file coords-v9.txt (compact mmCIF, C-alpha atoms)
# COMPACT_ATOMS: atom_id res chain seq x y z
CA MET X 1 30.28 -31.34 -2.12
CA ILE X 2 29.63 -32.62 1.40
CA TRP X 3 33.37 -33.09 2.02
CA GLN X 4 33.76 -29.33 1.77
CA SER X 5 32.04 -29.12 5.17
CA LEU X 6 34.56 -28.81 7.99
CA LYS X 7 31.92 -29.96 10.47
CA LEU X 8 31.24 -33.15 8.50
CA ARG X 9 34.96 -33.88 8.18
CA LEU X 10 35.39 -33.59 11.94
CA PHE X 11 32.35 -35.79 12.54
CA VAL X 12 33.59 -38.51 10.20
CA ALA X 13 37.20 -38.39 11.46
CA ALA X 14 36.10 -38.52 15.11
CA ALA X 15 33.61 -41.31 14.39
CA ILE X 16 36.29 -43.42 12.70
CA CYS X 17 38.74 -42.85 15.57
CA ILE X 18 36.14 -43.62 18.23
CA ALA X 19 34.89 -46.75 16.45
CA GLY X 20 38.44 -48.00 15.84
CA ALA X 21 39.57 -47.32 19.41
CA LEU X 22 36.51 -49.02 20.92
CA ALA X 23 36.87 -52.03 18.62
CA ILE X 24 40.51 -52.47 19.65
CA TYR X 25 39.55 -51.97 23.30
CA TRP X 26 36.83 -54.60 22.99
CA VAL X 27 39.21 -57.17 21.44
CA LEU X 28 41.97 -56.51 23.99
CA LEU X 29 39.53 -56.64 26.90
CA ALA X 30 38.15 -59.97 25.67
CA GLN X 31 41.68 -61.36 25.36
CA VAL X 32 42.62 -60.20 28.88
CA PHE X 33 39.44 -61.78 30.26
CA GLU X 34 40.11 -65.03 28.43
CA ARG X 35 43.67 -65.14 29.73
CA HIS X 36 42.52 -64.66 33.32
CA VAL X 37 39.79 -67.28 33.01
CA SER X 38 42.27 -69.69 31.39
CA GLN X 39 44.72 -69.17 34.24
CA ARG X 40 41.96 -69.89 36.76
CA LEU X 41 40.86 -73.06 34.94
CA PHE X 42 44.42 -74.29 34.50
CA GLY X 43 45.00 -73.58 38.19
CA GLU X 44 41.97 -75.74 39.00
CA LEU X 45 43.30 -78.52 36.74
CA GLU X 46 46.72 -78.30 38.37
CA ALA X 47 45.11 -78.69 41.80
CA HIS X 48 43.37 -81.83 40.55
CA LEU X 49 46.70 -82.98 39.08
CA ASN X 50 48.38 -82.55 42.45
CA GLN X 51 45.61 -84.53 44.13
CA LEU X 52 45.92 -87.23 41.48
CA THR X 53 49.64 -87.44 42.17
CA THR X 54 49.05 -88.03 45.87
CA LEU X 55 46.55 -90.81 45.15
CA LEU X 56 48.93 -92.90 43.05
CA VAL X 57 49.61 -96.38 44.43
CA ILE X 58 52.54 -98.49 43.17
CA SER X 59 52.37 -102.20 43.87
CA ASP X 60 55.41 -104.40 44.42
CA SER X 61 54.99 -105.72 40.91
CA GLY X 62 55.11 -102.19 39.56
CA GLU X 63 51.44 -101.83 38.80
CA VAL X 64 50.22 -98.22 38.98
CA THR X 65 46.69 -97.61 40.29
CA VAL X 66 44.57 -94.86 41.80
CA THR X 67 42.79 -96.22 44.84
CA GLU X 68 40.54 -93.28 45.66
CA THR X 69 38.38 -90.99 43.61
CA LEU X 70 39.12 -87.29 43.22
CA ASP X 71 37.01 -84.75 45.08
CA ASP X 72 35.06 -83.31 42.14
CA PRO X 73 32.03 -85.52 41.30
CA ARG X 74 32.34 -84.68 37.63
CA PHE X 75 35.24 -87.18 37.44
CA ASP X 76 32.75 -89.95 38.21
CA ARG X 77 30.03 -88.86 35.79
CA PRO X 78 30.44 -90.16 32.20
CA TYR X 79 31.55 -87.30 29.97
CA GLY X 80 31.07 -85.02 32.97
CA GLY X 81 33.55 -82.42 31.69
CA LEU X 82 36.46 -83.28 34.04
CA TYR X 83 38.86 -86.11 33.20
CA TRP X 84 42.06 -87.67 34.50
CA GLN X 85 44.33 -90.34 33.08
CA VAL X 86 47.48 -92.15 34.10
CA SER X 87 49.73 -93.43 31.30
CA ILE X 88 52.95 -95.35 31.12
CA LYS X 89 54.66 -94.53 27.92
CA ALA X 90 51.76 -94.30 25.42
CA ASP X 91 49.44 -96.71 27.20
CA ALA X 92 46.70 -95.56 29.56
CA VAL X 93 46.80 -97.72 32.70
CA SER X 94 44.10 -95.92 34.66
CA SER X 95 41.53 -93.20 34.01
CA SER X 96 38.47 -91.49 35.46
CA ARG X 97 34.97 -92.91 34.97
CA SER X 98 34.09 -89.71 33.11
CA LEU X 99 36.28 -90.89 30.19
CA TRP X 100 34.17 -94.04 29.97
CA ASP X 101 35.98 -96.13 27.37
CA GLN X 102 37.98 -93.33 25.80
CA THR X 103 41.65 -92.49 26.21
CA LEU X 104 43.44 -89.17 25.92
CA ALA X 105 46.42 -88.85 23.63
CA ILE X 106 49.48 -87.41 25.36
CA PRO X 107 49.90 -83.81 24.07
CA PRO X 108 53.12 -83.25 22.16
CA GLY X 109 55.89 -81.13 23.65
CA ALA X 110 55.36 -82.29 27.23
CA SER X 111 57.45 -80.56 29.87
CA PRO X 112 60.39 -82.21 31.68
CA THR X 113 59.95 -84.51 34.61
CA GLY X 114 58.15 -82.97 37.56
CA GLU X 115 57.01 -79.80 35.78
CA VAL X 116 53.42 -79.08 34.80
CA SER X 117 52.66 -78.39 31.16
CA THR X 118 49.42 -76.83 29.95
CA HIS X 119 47.69 -77.24 26.62
CA ARG X 120 44.50 -75.87 25.12
CA ASP X 121 42.38 -76.55 22.06
CA ILE X 122 43.18 -80.26 22.25
CA ASP X 123 40.70 -82.10 20.03
CA THR X 124 39.66 -85.50 21.43
CA HIS X 125 36.76 -87.91 21.19
CA VAL X 126 35.15 -86.21 24.20
CA GLY X 127 35.52 -82.71 22.74
CA ARG X 128 37.98 -79.83 22.82
CA LEU X 129 39.88 -79.87 26.10
CA LEU X 130 42.14 -77.87 28.34
CA VAL X 131 44.87 -80.25 29.50
CA THR X 132 47.53 -80.22 32.23
CA SER X 133 50.11 -82.96 32.42
CA ARG X 134 53.09 -83.96 34.53
CA LEU X 135 55.71 -86.65 34.10
CA VAL X 136 56.69 -88.32 37.41
CA LEU X 137 59.18 -91.08 38.18
CA VAL X 138 58.10 -93.82 40.57
CA LYS X 139 60.29 -96.54 42.14
CA VAL X 140 59.64 -100.06 41.03
CA GLY X 141 61.97 -102.43 42.83
CA ASP X 142 65.49 -101.18 42.27
CA GLY X 143 64.53 -99.09 39.25
CA GLU X 144 62.27 -96.22 38.25
CA ARG X 145 59.33 -95.98 35.94
CA ALA X 146 58.06 -92.82 34.14
CA VAL X 147 54.36 -92.19 34.65
CA ARG X 148 52.42 -89.48 32.78
CA LEU X 149 49.54 -87.90 34.70
CA LEU X 150 46.86 -85.87 32.88
CA THR X 151 43.90 -83.85 34.02
CA ALA X 152 41.59 -82.29 31.46
CA MET X 153 38.54 -80.06 31.33
CA ASP X 154 35.96 -79.39 28.66
CA GLN X 155 36.96 -76.10 26.96
CA GLY X 156 33.30 -75.25 26.44
CA GLU X 157 33.25 -73.58 29.86
CA LEU X 158 35.98 -71.20 28.72
CA ASP X 159 34.27 -70.56 25.37
CA ALA X 160 30.91 -69.92 27.05
CA SER X 161 32.48 -67.52 29.56
CA ARG X 162 34.27 -65.71 26.77
CA ALA X 163 31.09 -65.43 24.66
CA SER X 164 29.04 -64.21 27.62
CA PHE X 165 31.70 -61.66 28.56
CA SER X 166 32.02 -60.44 24.98
CA SER X 167 28.27 -59.91 24.63
CA GLU X 168 28.09 -57.97 27.90
CA VAL X 169 31.15 -55.92 26.98
CA ALA X 170 29.59 -55.24 23.57
CA ILE X 171 26.60 -53.63 25.29
CA LEU X 172 28.86 -51.52 27.50
CA VAL X 173 31.07 -50.56 24.56
CA SER X 174 27.98 -49.61 22.56
CA LEU X 175 26.76 -47.38 25.39
CA LEU X 176 30.23 -45.88 25.67
CA ALA X 177 30.30 -45.34 21.89
CA ALA X 178 26.94 -43.57 22.01
CA PHE X 179 28.15 -41.34 24.83
CA LEU X 180 31.40 -40.57 23.00
CA PHE X 181 29.55 -39.81 19.77
CA VAL X 182 27.22 -37.41 21.59
CA ALA X 183 30.21 -35.84 23.32
CA MET X 184 32.01 -35.62 19.98
CA VAL X 185 29.05 -33.87 18.35
CA GLY X 186 28.79 -31.46 21.26
CA GLN X 187 32.52 -30.81 21.26
CA THR X 188 32.54 -30.22 17.50
CA LEU X 189 29.59 -27.86 17.64
CA VAL X 190 31.08 -25.94 20.57
CA GLY X 191 34.50 -25.88 18.93
CA LEU X 192 33.13 -24.62 15.62
CA HIS X 193 30.70 -22.15 17.17
CA PRO X 194 33.20 -19.26 16.81
CA LEU X 195 33.35 -19.99 13.07
CA THR X 196 29.54 -19.94 12.93
CA THR X 197 29.59 -16.60 14.74
CA LEU X 198 32.27 -15.37 12.37
CA ARG X 199 30.15 -16.33 9.37
CA ALA X 200 27.15 -14.52 10.87
CA ARG X 201 29.27 -11.40 11.40
CA LEU X 202 30.51 -11.59 7.81
CA THR X 203 26.90 -11.91 6.64
CA ASP X 204 26.10 -8.74 8.59
CA ILE X 205 28.95 -6.96 6.84
CA SER X 206 27.83 -8.25 3.44
CA ALA X 207 24.28 -7.09 4.18
CA ASN X 208 25.60 -3.69 5.35
CA ARG X 209 24.40 -4.27 8.91
CA ALA X 210 27.93 -3.83 10.26
CA ALA X 211 31.16 -2.21 9.12
CA ARG X 212 33.63 -4.56 10.85
CA LEU X 213 33.83 -7.83 12.77
CA GLU X 214 32.85 -7.27 16.39
CA GLY X 215 32.80 -9.63 19.35
CA ARG X 216 35.14 -11.92 21.24
CA PHE X 217 36.75 -14.83 19.42
CA PRO X 218 39.19 -17.60 20.47
CA GLN X 219 42.90 -16.90 20.22
CA GLU X 220 43.16 -19.19 17.18
CA VAL X 221 40.57 -17.12 15.29
CA GLU X 222 41.61 -13.64 16.44
CA PRO X 223 44.42 -13.29 13.83
CA LEU X 224 41.91 -13.99 11.07
CA VAL X 225 39.46 -11.47 12.58
CA ASP X 226 42.20 -8.86 12.77
CA GLU X 227 43.19 -9.47 9.15
CA VAL X 228 39.58 -9.21 7.95
CA ASN X 229 39.03 -6.00 9.92
CA ALA X 230 42.25 -4.59 8.48
CA LEU X 231 41.07 -5.45 4.96
CA LEU X 232 37.66 -3.87 5.65
CA ALA X 233 39.31 -0.71 6.94
CA GLU X 234 41.60 -0.62 3.92
CA ARG X 235 38.63 -1.12 1.62
CA SER X 236 36.74 1.71 3.28
CA GLU X 237 39.72 3.99 2.94
CA THR X 238 40.12 2.97 -0.72
CA VAL X 239 36.46 3.72 -1.43
CA GLU X 240 36.70 7.06 0.32
CA ARG X 241 39.83 7.93 -1.61
CA ALA X 242 38.13 6.90 -4.86
CA ARG X 243 35.12 9.06 -4.04
CA ALA X 244 37.36 11.98 -3.13
CA SER X 245 39.38 11.51 -6.32
CA ALA X 246 36.22 11.42 -8.42
CA ALA X 247 34.96 14.57 -6.72
CA ASP X 248 38.30 16.28 -7.25
CA LEU X 249 38.25 15.23 -10.90
CA ALA X 250 34.74 16.59 -11.33
CA HIS X 251 35.65 19.89 -9.70
CA GLY X 252 38.85 20.03 -11.75
CA LEU X 253 36.88 19.58 -14.97
CA LYS X 254 34.25 22.19 -14.14
CA THR X 255 36.49 25.15 -14.90
CA PRO X 256 37.83 23.81 -18.24
CA LEU X 257 34.28 22.83 -19.28
CA ALA X 258 32.98 26.26 -18.32
CA ILE X 259 35.76 27.85 -20.38
CA LEU X 260 34.91 25.63 -23.35
CA ALA X 261 31.22 26.52 -23.03
CA ALA X 262 32.10 30.21 -22.94
CA GLU X 263 34.35 29.73 -25.95
CA GLY X 264 31.44 28.09 -27.78
CA ARG X 265 29.22 31.08 -27.02
CA ARG X 266 31.96 33.45 -28.25
CA LEU X 267 32.29 31.53 -31.49
CA SER X 268 28.51 31.53 -31.93
CA GLU X 269 28.46 35.29 -31.47
CA ALA X 270 31.26 35.55 -34.01
CA GLY X 271 29.15 33.71 -36.56
CA GLN X 272 30.98 30.38 -36.37
CA HIS X 273 27.81 28.48 -35.52
CA GLU X 274 28.97 25.04 -36.70
CA ALA X 275 32.10 25.10 -34.49
CA ALA X 276 30.07 26.45 -31.57
CA ARG X 277 27.51 23.66 -31.84
CA GLU X 278 30.28 21.01 -31.93
CA ILE X 279 31.91 22.48 -28.83
CA ASP X 280 28.56 22.59 -27.01
CA ARG X 281 27.88 18.98 -27.97
CA GLN X 282 31.24 17.77 -26.72
CA VAL X 283 30.90 19.78 -23.50
CA ALA X 284 27.47 18.21 -22.92
CA ILE X 285 28.89 14.71 -23.47
CA MET X 286 31.72 15.34 -21.01
CA ASN X 287 29.26 16.73 -18.46
CA GLN X 288 27.13 13.61 -18.82
CA HIS X 289 30.11 11.33 -18.24
CA VAL X 290 31.23 13.27 -15.17
CA GLU X 291 27.73 13.42 -13.70
CA ARG X 292 27.09 9.73 -14.23
CA GLN X 293 30.42 8.56 -12.80
CA LEU X 294 29.99 10.83 -9.79
CA ALA X 295 26.57 9.33 -9.10
CA ARG X 296 27.92 5.77 -9.41
CA THR X 297 30.92 6.49 -7.19
CA ARG X 298 28.83 8.13 -4.47
CA ALA X 299 26.26 5.30 -4.54
CA ARG X 300 28.97 2.62 -4.31
CA GLY X 301 30.55 4.40 -1.39
CA GLN X 302 27.24 4.69 0.44
CA GLN X 303 26.37 1.07 -0.23
CA ARG X 304 29.73 -0.18 1.04
CA LEU X 305 30.17 2.08 4.02
CA ARG X 306 26.65 2.57 5.39
CA SER X 307 24.02 0.16 6.59
CA GLU X 308 21.09 2.34 7.66
CA ARG X 309 17.52 1.59 6.68
CA THR X 310 15.64 4.55 5.23
CA ARG X 311 11.89 5.13 5.49
CA LEU X 312 10.58 5.38 1.97
CA LYS X 313 7.45 7.52 2.44
CA PRO X 314 9.16 10.73 3.67
CA VAL X 315 11.54 10.62 0.69
CA VAL X 316 8.69 10.15 -1.80
CA ASP X 317 6.62 12.88 -0.10
CA LYS X 318 9.56 15.27 -0.38
CA LEU X 319 10.11 14.49 -4.07
CA VAL X 320 6.42 14.74 -5.03
CA GLY X 321 6.18 18.07 -3.19
CA ALA X 322 9.20 19.36 -5.07
CA PHE X 323 7.95 18.26 -8.50
CA ARG X 324 4.58 19.93 -7.93
CA LYS X 325 6.45 23.25 -8.03
CA LEU X 326 8.33 22.54 -11.27
CA PRO X 327 7.00 23.46 -14.75
CA ARG X 328 3.89 21.39 -15.56
CA GLY X 329 4.02 19.95 -12.03
CA ASP X 330 1.12 21.99 -10.74
CA ALA X 331 -1.04 20.96 -13.71
CA ILE X 332 -0.55 17.22 -13.07
CA ARG X 333 -2.66 15.17 -10.69
CA TRP X 334 -0.26 13.40 -8.33
CA GLU X 335 -1.56 10.26 -6.58
CA GLU X 336 0.66 8.76 -3.91
CA THR X 337 0.08 5.43 -2.11
CA VAL X 338 3.13 4.57 -0.01
CA ASP X 339 2.79 2.84 3.36
CA ASP X 340 4.55 4.61 6.20
CA GLY X 341 6.14 1.39 7.49
CA LEU X 342 8.17 0.58 4.36
CA HIS X 343 11.96 0.75 4.72
CA VAL X 344 14.72 0.22 2.18
CA THR X 345 18.42 -0.46 2.70
CA MET X 346 19.68 2.52 0.71
CA ASP X 347 21.08 5.92 1.47
CA ALA X 348 18.35 8.59 1.40
CA MET X 349 20.25 10.70 -1.17
CA ASP X 350 20.56 7.71 -3.50
CA ILE X 351 16.84 7.02 -3.16
CA GLU X 352 16.16 10.64 -4.08
CA GLU X 353 18.49 10.34 -7.07
CA VAL X 354 16.78 7.19 -8.37
CA VAL X 355 13.13 8.00 -7.64
CA GLY X 356 13.64 11.65 -8.53
CA ASN X 357 14.83 10.80 -12.04
CA ILE X 358 11.84 8.49 -12.58
CA LEU X 359 9.36 11.11 -11.29
CA ASP X 360 10.99 13.82 -13.36
CA ASN X 361 10.58 11.68 -16.48
CA ALA X 362 6.91 11.08 -15.60
CA ARG X 363 6.37 14.84 -15.04
CA LYS X 364 7.70 15.62 -18.51
CA TRP X 365 5.58 13.06 -20.35
CA ALA X 366 2.37 12.71 -18.32
CA ALA X 367 -0.80 14.06 -19.92
CA SER X 368 -2.73 14.68 -16.73
CA GLY X 369 -1.71 12.39 -13.90
CA VAL X 370 1.08 10.40 -12.22
CA GLN X 371 0.49 7.56 -9.75
CA VAL X 372 3.16 6.57 -7.23
CA SER X 373 2.68 3.41 -5.15
CA ALA X 374 4.86 1.03 -3.15
CA GLU X 375 4.37 -2.36 -1.53
CA GLN X 376 6.45 -4.94 0.27
CA ALA X 377 7.89 -7.53 -2.11
CA GLU X 378 9.57 -10.85 -1.39
CA ASP X 379 13.07 -9.51 -1.90
CA GLY X 380 12.56 -5.85 -1.05
CA VAL X 381 10.13 -3.05 -1.84
CA ALA X 382 8.45 -2.63 -5.22
CA LEU X 383 7.90 1.07 -6.04
CA THR X 384 5.82 1.82 -9.13
CA VAL X 385 5.58 5.13 -11.01
CA SER X 386 2.90 5.22 -13.70
CA ASP X 387 1.84 8.09 -15.99
CA ASP X 388 -0.79 8.57 -18.68
CA GLY X 389 1.64 9.85 -21.31
CA PRO X 390 2.46 8.33 -24.71
CA GLY X 391 4.63 5.56 -23.20
CA VAL X 392 7.71 3.98 -24.74
CA ALA X 393 7.73 1.26 -27.36
CA GLU X 394 9.48 -1.97 -26.38
CA ASP X 395 12.15 -1.51 -29.03
CA GLU X 396 12.92 1.94 -27.58
CA ILE X 397 13.50 0.81 -23.97
CA GLY X 398 17.12 -0.17 -24.58
CA LYS X 399 17.75 3.21 -26.18
CA VAL X 400 16.19 5.03 -23.20
CA LEU X 401 18.49 3.26 -20.74
CA ALA X 402 21.63 3.81 -22.80
CA ARG X 403 24.03 6.60 -21.89
CA GLY X 404 22.33 9.79 -22.89
CA GLY X 405 19.73 7.84 -24.82
CA ARG X 406 16.39 9.56 -25.43
CA ALA X 407 13.22 8.34 -27.08
CA ASP X 408 12.31 11.85 -28.22
CA MET X 409 15.13 14.25 -29.07
CA GLN X 410 12.69 17.20 -29.05
CA ALA X 411 12.01 16.92 -25.31
CA PRO X 412 14.23 18.88 -22.92
CA GLY X 413 16.94 17.13 -20.94
CA THR X 414 20.14 15.18 -21.47
CA GLY X 415 18.62 11.69 -21.39
CA LEU X 416 21.02 10.74 -18.58
CA GLY X 417 18.60 10.50 -15.62
CA LEU X 418 17.21 7.01 -16.26
CA ALA X 419 20.67 5.59 -16.96
CA ILE X 420 21.96 7.08 -13.68
CA ALA X 421 18.98 5.58 -11.83
CA GLN X 422 19.75 2.19 -13.30
CA ASP X 423 23.45 2.49 -12.38
CA ILE X 424 22.66 3.31 -8.75
CA LEU X 425 20.17 0.44 -8.49
CA GLU X 426 22.75 -1.99 -9.87
CA VAL X 427 25.18 -0.94 -7.14
CA TYR X 428 22.61 -1.76 -4.45
CA GLY X 429 21.39 -4.93 -6.15
CA GLY X 430 18.07 -3.39 -7.19
CA ARG X 431 16.25 -3.72 -10.53
CA LEU X 432 14.38 -1.49 -12.94
CA ARG X 433 11.59 -2.51 -15.32
CA PHE X 434 9.67 -0.59 -18.00
CA GLU X 435 6.26 -1.62 -19.34
CA LYS X 436 3.02 -0.13 -20.66
CA ASN X 437 0.17 0.48 -18.24
CA ALA X 438 -3.54 0.06 -18.88
CA ALA X 439 -3.85 3.68 -20.10
CA GLY X 440 -1.07 3.20 -22.65
CA GLY X 441 1.43 5.27 -20.69
CA LEU X 442 4.73 4.25 -19.16
CA GLN X 443 4.92 2.25 -15.94
CA VAL X 444 8.30 2.00 -14.23
CA THR X 445 8.77 -0.54 -11.42
CA LEU X 446 11.77 -0.29 -9.13
CA TRP X 447 12.82 -3.14 -6.82
CA LEU X 448 14.59 -1.54 -3.89
CA PRO X 449 16.59 -3.71 -1.41
CA ALA X 450 15.12 -4.03 2.07
CA ARG X 451 17.44 -6.36 4.02
CA VAL X 452 16.71 -6.56 7.73

call {"tool": "encode", "arguments": {"input": "coords-v9.txt", "output": "structure tokens"}}
result
Amino acid sequence: MIWQSLKLRLFVAAAICIAGALAIYWVLLAQVFERHVSQRLFGELEAHLNQLTTLLVISDSGEVTVTETLDDPRFDRPYGGLYWQVSIKADAVSSSRSLWDQTLAIPPGASPTGEVSTHRDIDTHVGRLLVTSRLVLVKVGDGERAVRLLTAMDQGELDASRASFSSEVAILVSLLAAFLFVAMVGQTLVGLHPLTTLRARLTDISANRAARLEGRFPQEVEPLVDEVNALLAERSETVERARASAADLAHGLKTPLAILAAEGRRLSEAGQHEAAREIDRQVAIMNQHVERQLARTRARGQQRLRSERTRLKPVVDKLVGAFRKLPRGDAIRWEETVDDGLHVTMDAMDIEEVVGNILDNARKWAASGVQVSAEQAEDGVALTVSDDGPGVAEDEIGKVLARGGRADMQAPGTGLGLAIAQDILEVYGGRLRFEKNAAGGLQVTLWLPARV
């Protein structure tokens, strides 16, 4: 699943954090801007309110009027966006021309006498307004009269400024988000690069191109590297001990097996042929088991502990030259077609063990000729050994590859060679296939690993 990717998890987590942080930043920045613009607009309205206060005229009869116009021409333009009004109790006694025939309702919760109160989002017939108001007391004869002064401004200016600011900030926040996302990707890739290197080193070990993790790693990864190297060293030691134990076991069994074989010969000379044959048969079985397990153990140790690439042609040349000197070898026509540039990722001794068993089988059964060829395959090297002998029936192939299995019990040998070859190939990840060739003989194809 994609969530199993550490890189993707970091990308998603960082993207969510960046998007959330920038969204909050955008909202807070818009609110701070709106507050500052509101303070400026309310300050402007308060200045108009102060001017309006100075222009009040109280007649002897107590009539309140404003004799002069305020400085801003918008007060004189109908619905010009700036408004003032003078009220006594709930009745408007004077107002700006910009209000035309409308009146402004006194906002609830007005401040005490002399103090300025501010209000926003006040819905009126001329639109949504920002309003400042002040209650003043004026002398009328021997008494006082409360007069409410209001100045108002169309809130559209604030809304337009806020919308314009938000759109511009959105562009800047988007650019910042893009930069942060790129930085996040770069930081994640750089931060995870040691893990990528570690995986490559582990691949080298798996492909037998290295025996331990080498290179410099961050302090956070070094403990893991040390643990893996310790495990690799322990594994190597375990394999070596297993190989040594198997060798010791084989050497330890040689003497008892030799004694049993000698005892079988003594019994045969004494006329106890049946007992002698049974002893010889059991000794042969034990020898087969020891030989096969030794071959498997040695191949597994080479495959785990070595990583060299072996040229195939010199090994095949050596084997063909050796088999020419064996019985029937000089009477067989050997044809070899192996390119000098082919390499396989196997120990040379294991290649000799595998190919040697196949060539030996071909030498025994070939009528007149054996062909050996090799070519580069997709997953390694395909080496083919073909003879013109009687071949093997399909239902006999399983028997041939079984432990000690033989298609013809009259032929010399233990029948163990092909099974050993198959065991060694399995250790290296190779394959073995039997089929009939055009001449009716046996064709054996071996896929040998060739990792770079």

call {"tool": "closest_residue", "arguments": {"input": "coords-v9.txt", "among": "X:Met153, X:Lys139, X:Asp101, X:Ser236", "to": "Asp123 (chain X)", "atoms": "only C-alpha atoms"}}
result
X:Met153

call {"tool": "residues_around", "arguments": {"input": "coords-v9.txt", "residues": "Ala262 (chain X)", "least_positions_apart": "3", "cutoff": "12 Å", "atoms": "all atoms listed in the file", "output": "list in words"}}
result
Thr255, Pro256, Leu257, Ala258, Ile259, Arg265, Arg266, Leu267, Ser268, Glu269, Ala276, Arg277, Ile279, Asp280 and Val283 of chain X

call {"tool": "residues_around", "arguments": {"input": "coords-v9.txt", "residues": "Glu68 (chain X)", "least_positions_apart": "3", "cutoff": "12 Å", "atoms": "all atoms listed in the file", "output": "mmCIF file with C-alpha atoms, in the frame of the given file"}}
result
data_model
loop_
_atom_site.group_PDB
_atom_site.id
_atom_site.type_symbol
_atom_site.label_atom_id
_atom_site.label_comp_id
_atom_site.auth_asym_id
_atom_site.auth_seq_id
_atom_site.Cartn_x
_atom_site.Cartn_y
_atom_site.Cartn_z
ATOM 1 C CA GLN X 51 45.610 -84.530 44.130
ATOM 2 C CA LEU X 52 45.920 -87.230 41.480
ATOM 3 C CA THR X 53 49.640 -87.440 42.170
ATOM 4 C CA THR X 54 49.050 -88.030 45.870
ATOM 5 C CA LEU X 55 46.550 -90.810 45.150
ATOM 6 C CA LEU X 56 48.930 -92.900 43.050
ATOM 7 C CA VAL X 57 49.610 -96.380 44.430
ATOM 8 C CA THR X 65 46.690 -97.610 40.290
ATOM 9 C CA ASP X 71 37.010 -84.750 45.080
ATOM 10 C CA ASP X 72 35.060 -83.310 42.140
ATOM 11 C CA PHE X 75 35.240 -87.180 37.440
ATOM 12 C CA ASP X 76 32.750 -89.950 38.210
ATOM 13 C CA SER X 94 44.100 -95.920 34.660
ATOM 14 C CA SER X 95 41.530 -93.200 34.010
ATOM 15 C CA SER X 96 38.470 -91.490 35.460
#

call {"tool": "closest_residue", "arguments": {"input": "coords-v9.txt", "among": "X:Gly114, X:Pro194, X:Gly389, X:Gly430", "to": "Asp350 (chain X)", "atoms": "all atoms listed in the file"}}
result
X:Gly430

call {"tool": "atom_distance", "arguments": {"input": "coords-v9.txt", "atom1": "CA of Val147 (chain X)", "atom2": "CA of Val86 (chain X)"}}
result
6.9 Å

call {"tool": "atom_distance", "arguments": {"input": "coords-v9.txt", "atom1": "CA of Ala177 (chain X)", "atom2": "CA of Ile16 (chain X)"}}
result
11.1 Å

call {"tool": "decode", "arguments": {"input": "coords-v9.txt", "residues": "region 348-360 of chain X", "atoms": "N, CA and C atoms", "output": "mmCIF file, in the first residue's frame"}}
result
data_model
loop_
_atom_site.group_PDB
_atom_site.id
_atom_site.type_symbol
_atom_site.label_atom_id
_atom_site.label_comp_id
_atom_site.auth_asym_id
_atom_site.auth_seq_id
_atom_site.Cartn_x
_atom_site.Cartn_y
_atom_site.Cartn_z
ATOM 1 N N ALA X 348 34.069 -20.468 -8.878
ATOM 2 C CA ALA X 348 34.580 -21.301 -9.971
ATOM 3 C C ALA X 348 34.468 -22.788 -9.644
ATOM 4 N N MET X 349 34.727 -23.161 -8.382
ATOM 5 C CA MET X 349 34.642 -24.586 -8.012
ATOM 6 C C MET X 349 33.213 -25.104 -8.114
ATOM 7 N N ASP X 350 32.231 -24.231 -7.761
ATOM 8 C CA ASP X 350 30.838 -24.659 -7.873
ATOM 9 C C ASP X 350 30.429 -24.790 -9.333
ATOM 10 N N ILE X 351 30.946 -23.887 -10.189
ATOM 11 C CA ILE X 351 30.662 -24.033 -11.623
ATOM 12 C C ILE X 351 31.229 -25.352 -12.133
ATOM 13 N N GLU X 352 32.446 -25.684 -11.724
ATOM 14 C CA GLU X 352 33.043 -26.950 -12.145
ATOM 15 C C GLU X 352 32.212 -28.126 -11.653
ATOM 16 N N GLU X 353 31.705 -28.032 -10.419
ATOM 17 C CA GLU X 353 30.897 -29.127 -9.869
ATOM 18 C C GLU X 353 29.627 -29.322 -10.689
ATOM 19 N N VAL X 354 28.945 -28.217 -11.025
ATOM 20 C CA VAL X 354 27.682 -28.308 -11.747
ATOM 21 C C VAL X 354 27.907 -28.745 -13.187
ATOM 22 N N VAL X 355 28.721 -27.982 -13.922
ATOM 23 C CA VAL X 355 28.933 -28.274 -15.341
ATOM 24 C C VAL X 355 29.659 -29.599 -15.508
ATOM 25 N N GLY X 356 30.575 -29.898 -14.582
ATOM 26 C CA GLY X 356 31.296 -31.164 -14.673
ATOM 27 C C GLY X 356 30.382 -32.366 -14.579
ATOM 28 N N ASN X 357 29.396 -32.316 -13.695
ATOM 29 C CA ASN X 357 28.459 -33.442 -13.576
ATOM 30 C C ASN X 357 27.628 -33.604 -14.845
ATOM 31 N N ILE X 358 27.225 -32.448 -15.448
ATOM 32 C CA ILE X 358 26.431 -32.537 -16.678
ATOM 33 C C ILE X 358 27.283 -33.089 -17.823
ATOM 34 N N LEU X 359 28.535 -32.625 -17.947
ATOM 35 C CA LEU X 359 29.412 -33.118 -19.009
ATOM 36 C C LEU X 359 29.764 -34.589 -18.804
ATOM 37 N N ASP X 360 29.946 -34.970 -17.564
ATOM 38 C CA ASP X 360 30.261 -36.375 -17.289
ATOM 39 C C ASP X 360 29.099 -37.275 -17.696
#
